[in-house]
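Engineer: Quick one: this structure, given as structure tokens, is what I'll be asking you about.
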Amino acid sequence: MQLDSLNKAQKEVVLNSEGPMMVLAGAGSGKTRTLVTRISHLLEVKGVSPFQVLALTFSNKAAREMRERIASTVNIDLGALQITTFHSFCARVLRSQANYIGLSKSFTIYDDSESKTIAKSLLAKRGISTKEVSPYEVLGFIDDLKNKGYYPGRDMGPEFENFEDDQMFYEMFLEYESELARSNAVDFGGLITGVLKLFEKHPTVLKTYQERFRYLLVDEYQDTNRCQFELICYLAEKTQNVCVVGDEDQSIYSWRGADINNIFDFEKKFPEAKTYKLEQNYRSSKKIIEAASHVIARNSYRKGKTMWTDNPEGEEIEIIENNSDKDECEFVASKVKELKKAGNTYNEMAVFYRTNSQSRQVEDALRNSNINYRVVGGIKFYDRKEIKDILAYLRLVVNEKDNLALSRIINVPARGIGTTTLRKLENEAIKNNQSLLETLKQMVAAPEEFKHIRITTKVKSAINHFVSLIEELIILKDSGEKPLVLFEKTVNETGYMSFLKAAKTYEAEARLENLEELGNAIAQFESNNENATMDSFLETITLDRTANDEEDTQGEVSLMTIHGSKGLEFKYVFIVGSEENMFPSMRSIEAGEKGLEEERRLFYVAMTRAMVKLYICFAQGRMLYGQLRFNGPSRFISEIPPKYYTWIKAKTGARGGWDTSSSETYGTSSSDDFFADETYDDEVVYQVQSSVIQAKYPQGSSVVHSLYGEGKVTETSGAGEQEKVVIKFNDGAIKKFMVKFAPLELLS
DNA sequence: TCGACGATCGTTTTT
DNA sequence: CGATCGTCGA
């Protein structure tokens with residue numbers, strides 16, 4: 001254990017092993033190292049058994065990393081040490097206590113897309129089109145309840161009584177829940193609420209967990225939702241040995257239910273709690289840290305930390321102004337090449353964007369320059385149709401009650417059991433309070449009882465076939481056959497393989513390859529896990545979607561959304577698309593101050609990933625939804641005091657002209673151009689002052705735009721560099737521009 | 001029962 | 001612009 005390599009605050013965190021503690025750990029402050037050392041200290045010095053420690057994280061990646069690092073510092077068998085995600089932990093608890101909650105051990109975990117399918121069917125049942133009410137609205141409502149820790153029947157206090165407004169939604173929630181129960185299934189949120197319910201309804205069960213886990217640690221605490229908070233409170237109630245580590249400035253998942261209040265409420269719930277701040281940054285240069293600190297200081301909803309670093313001053317941040325989105329990507333590509341030439345490797349560089357859809361252009365530019373790259377978290381293997389189909393078969397085999405799985409594949413490949421038949425069967429199943437497969441089985445056994453639903457003999461024989469197929473697979477599974485064998489049988493016996501082979505299209509070819517890949521994944525799972533079962537494989541892939549293909553031969557530039565970058569670090573970071581309406585996103589701007597603060601945290605996260613050099617790029621004009629937009633640079637750029645950056649016009653159109661020069665004007669102009677009316681102060685943060693400069697295009701003036709032609713100004717706001725206008729063009733189009741960027745000319 | 005075509009609508013997604 | 005979804009037609 002390397003206590004000596006820790007700083008004072010980190011040491012305190014490690015040594016104060018008893019009692020409640022909250023650690024506010026800034027970006028790059030050695031958070032993981034501290035947590036790892038704390039656990040090692042518990043095990044090695046305090047003699048705590050690994051069996052009694054529970055560390056909860058949000059991602060599998062974080063859990064794995066922590067376990068590996070502990071394993072390499074401590075000379076103890078970590079077998080019983082639980083470092084897992086909230087969801088895996090809860091799944092485990094629910095499986096071992098399944099009898100208490102009316103599920104069987106082999107319950108299925110439904111992912112978001114399956115939840116969506118149920119939401120859709122609930123709407124359809126009511127004759128509501130998805131246009132009137134989006135299934136996402138329904139899911140949002142349900143999710144919201146679950147995030148807050150609600151389960152049917154739970155007493156949540158006064159503010160939860162007003163379901164009246166949403167009577168219909170609440171009814172759908174109840175139906176959704178019973179639909180899950182009927183299928184012996186749980187959704188992601190239900191894993192957490194399920195355990196909460198278990199603990200509340202069965203104090204004896206709770207007690208066993210409280211007694212087992214004497215030491216509780218929670219990573220990424222700022223991302224916990226209310227339900228998880230309550231879970232933590234229950235688990236820690238007895239020993240009070242709970243250590244939560246988080247950073248309110250990196251809370252970027254509030255839209256997923258993360259509740260910053262958990263940070264503020266921790267001390268209320270645990271009045272004895274000690275709070276520590278890890279404020280020394282070991283990752284980034286001084287310039288980057290100070291710049292990022294100035295940006296985040298504008299947020300009001302924070303506890304407040306002052307990050308500092310002993311690292312060298314470092315290079316200035318570069319603000320890169322480009323003519324278009326395309327130029328921006330080309331700039332990134334050429335800069336990446338330049339950095340490579342200077343002796344850096346590709347995997348020291350990363351490109352961050354706000355939305356996944358922005359990756360394509362970056363990819364194009366990198367590919368054209370023959371630069372190796374990897375898109376992190378883009379394509380989702382397990383979301384592919386053919387994969388979901390085969391997995392649905394496997395799920396059904398594991399959990400016979402999985403009605404969703406059955407309805408998905410009963411006619412894939414086509415067996416002549418269409419939607420009408422399925423609808424009839426579903427009604428029967430509900431009427432008889434059975435699962436679909438049970439109903440089917442019964443129908444095979446006693447067809448005369450199903451005369452009233454009028455199913456043709458042809459369809460009946462198809463059903464017979466289907467049922468015996470599934471039964472055969474179930475027998476195979478029960479006989480203890482290995483997952484890979486079960487998979488291969490499934491692919492072949494169901495006719496899926498021959499159906500794809502027969503198609504002979506390019507697409508079918510790709511699908512076959514994907515199935516092969518699924519086979520490889522199963523084989524790998526078998527070799528990694530001694531007693532691999534299909535059940536455990538299915539759980540693993542729904543709860544851990546990180547693809548495990550880690551080949552870093554040549555090194556690759558990493559491309560990812562900023563959300564995906566949390567927890568990572570790179571020497572060189574490019575943030576692309578740093579424009580208003582992109583980043584911050586249009587929606588967040590509309591959402592108001594809270595939305596903007598979250599975007600600012602996102603920007604802060606992006607900045608603090610960079611160790612050596614940060615490039616913040618924006619384009620004057622960008623193609624968006626098939627339209628050229630002039631958004632202007634992100635307000636967050638203007639929140640960085642100019643002394644930390646150099647403003648570089650990489651490729652910019654001449655003022656007022658759009659498609660003019662392609663000449664490179666690498667110059668070091670300052671930000672004065674853009675943010676002339678802002679003042680900076682090192683201590684406190686500055687309000688944007690309104691300018692007294694007159695508008696260049698006052699309301700009513702006639703103008704000509706080099707692309708859209710002539711029009712009239714209908715609205716003007718701001719002045720000088722901030723001036724914005726709304727123009728109604730002669731062809732009727734109404735568009736909004738930032739005067740600074742728009743190729744406009746005044747006519748009268 | 002499948003496929004072709006038009007209308008629609010655009011965040012982020014640890015689990 | 002483009003992916004996705006729903007509707008309609010054969």
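In the structure tokens, chains take the letters A, B, ... in the order shown, each chain's residues start at 1, and ligands count up from 1 in the order shown.
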For chain B versus chain A, which residues have an atom no more than 12 Å away, and what is each residue's nearest atom pair and distance in Å rounded to one decimal, using only C-alpha atoms (C1' of nucleotides), chain-then-number order, as a Markdown table?
Structural biologist:
```
| residue | atom | partner | partner_atom | distance |
| --- | --- | --- | --- | --- |
| B:DT1 | C1' | A:Gly418 | CA | 8.3 |
| B:DC2 | C1' | A:Ala414 | CA | 10.7 |
| B:DT8 | C1' | A:Lys131 | CA | 10.2 |
| B:DC9 | C1' | A:Tyr625 | CA | 9.4 |
| B:DG10 | C1' | A:Tyr625 | CA | 7.7 |
| B:DT11 | C1' | A:Thr355 | CA | 6.3 |
| B:DT12 | C1' | A:His563 | CA | 6.5 |
| B:DT13 | C1' | A:Arg256 | CA | 8.0 |
| B:DT14 | C1' | A:Ser59 | CA | 4.6 |
| B:DT15 | C1' | A:Leu543 | CA | 5.8 |
```
Engineer: Output the contact residues of chain C with respect to chain A at a cut-off of 12 Å, based on only C-alpha atoms (C1' of nucleotides), as a PyMOL selection string.
Structural biologist: chain C and resi 1-3+5-6
Engineer: I'd like the interatomic distance between atom CA of A:Tyr506 and atom CA of A:Phe487, to a tenth of an Å.
Structural biologist: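 Distance reported for this atom pair: 23.5 Å.
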Engineer: If you count only C-alpha atoms (C1' of nucleotides), which residues fall within 7 Å of A:Ala273, apart from same-chain ones fewer than 6 positions away, as a list of chain:residue names?
Structural biologist: A:Gly19, A:Pro20, A:Met21, A:Met22, A:Glu267
Engineer: Could you save those same residues with N, CA and C atoms as a PDB file, in the first residue's frame?
Structural biologist:
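Result saved to again30.pdb:
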```pdb
ATOM      1  N   GLY A  19     -17.158   5.416  10.150  1.00  0.00           N
ATOM      2  CA  GLY A  19     -18.131   6.492  10.143  1.00  0.00           C
ATOM      3  C   GLY A  19     -18.410   7.038   8.757  1.00  0.00           C
ATOM      4  N   PRO A  20     -19.487   7.813   8.636  1.00  0.00           N
ATOM      5  CA  PRO A  20     -19.880   8.333   7.327  1.00  0.00           C
ATOM      6  C   PRO A  20     -18.906   9.396   6.814  1.00  0.00           C
ATOM      7  N   MET A  21     -18.698   9.391   5.536  1.00  0.00           N
ATOM      8  CA  MET A  21     -17.771  10.343   4.934  1.00  0.00           C
ATOM      9  C   MET A  21     -18.210  10.693   3.524  1.00  0.00           C
ATOM     10  N   MET A  22     -18.069  11.960   3.215  1.00  0.00           N
ATOM     11  CA  MET A  22     -18.319  12.364   1.830  1.00  0.00           C
ATOM     12  C   MET A  22     -17.043  12.992   1.288  1.00  0.00           C
ATOM     13  N   GLU A 267     -25.207  15.057   4.207  1.00  0.00           N
ATOM     14  CA  GLU A 267     -24.891  15.495   5.562  1.00  0.00           C
ATOM     15  C   GLU A 267     -26.132  15.586   6.441  1.00  0.00           C
TER      16      GLU A 267
END
```
Engineer: Tell me which protein, DNA and RNA residues are within 12 Å of A:Glu237, counting only C-alpha atoms (C1' of nucleotides), leaving out same-chain ones fewer than 4 positions away, and put them as number ranges by chain.
Structural biologist: A: 19-20, 199, 206-207, 209-211, 213-216, 229-233, 241-242, 269-270
Engineer: Could you find all residues in stretch 2-122 of chain A that DSSP calls alpha helix (DSSP H) from the backbone, and write them as a ChimeraX atom specification?
Structural biologist: /A:8-15,31-44,60-73,86-96,112-122
Engineer: List every residue of stretch 56-138 of chain A that DSSP, applied to the backbone of this structure, places in strand (DSSP E), and write the result as a ChimeraX atom specification.
Structural biologist: /A:56-57,82-85,108-110
Engineer: Could you take the residues named above and write them with C-alpha atoms, as a compact mmCIF listing (two decimals), in the first residue's frame?
Structural biologist:
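again-v2.txt written:
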```txt
# COMPACT_ATOMS: atom_id res chain seq x y z
CA LEU A 56 -20.76 0.43 -5.82
CA THR A 57 -19.93 2.08 -9.12
CA GLN A 82 -17.98 -7.01 -4.09
CA ILE A 83 -17.10 -4.21 -6.42
CA THR A 84 -19.98 -3.95 -8.82
CA THR A 85 -22.40 -1.62 -10.44
CA THR A 108 -35.22 -11.55 -17.36
CA ILE A 109 -33.84 -8.03 -17.29
CA TYR A 110 -35.57 -5.88 -19.88
```
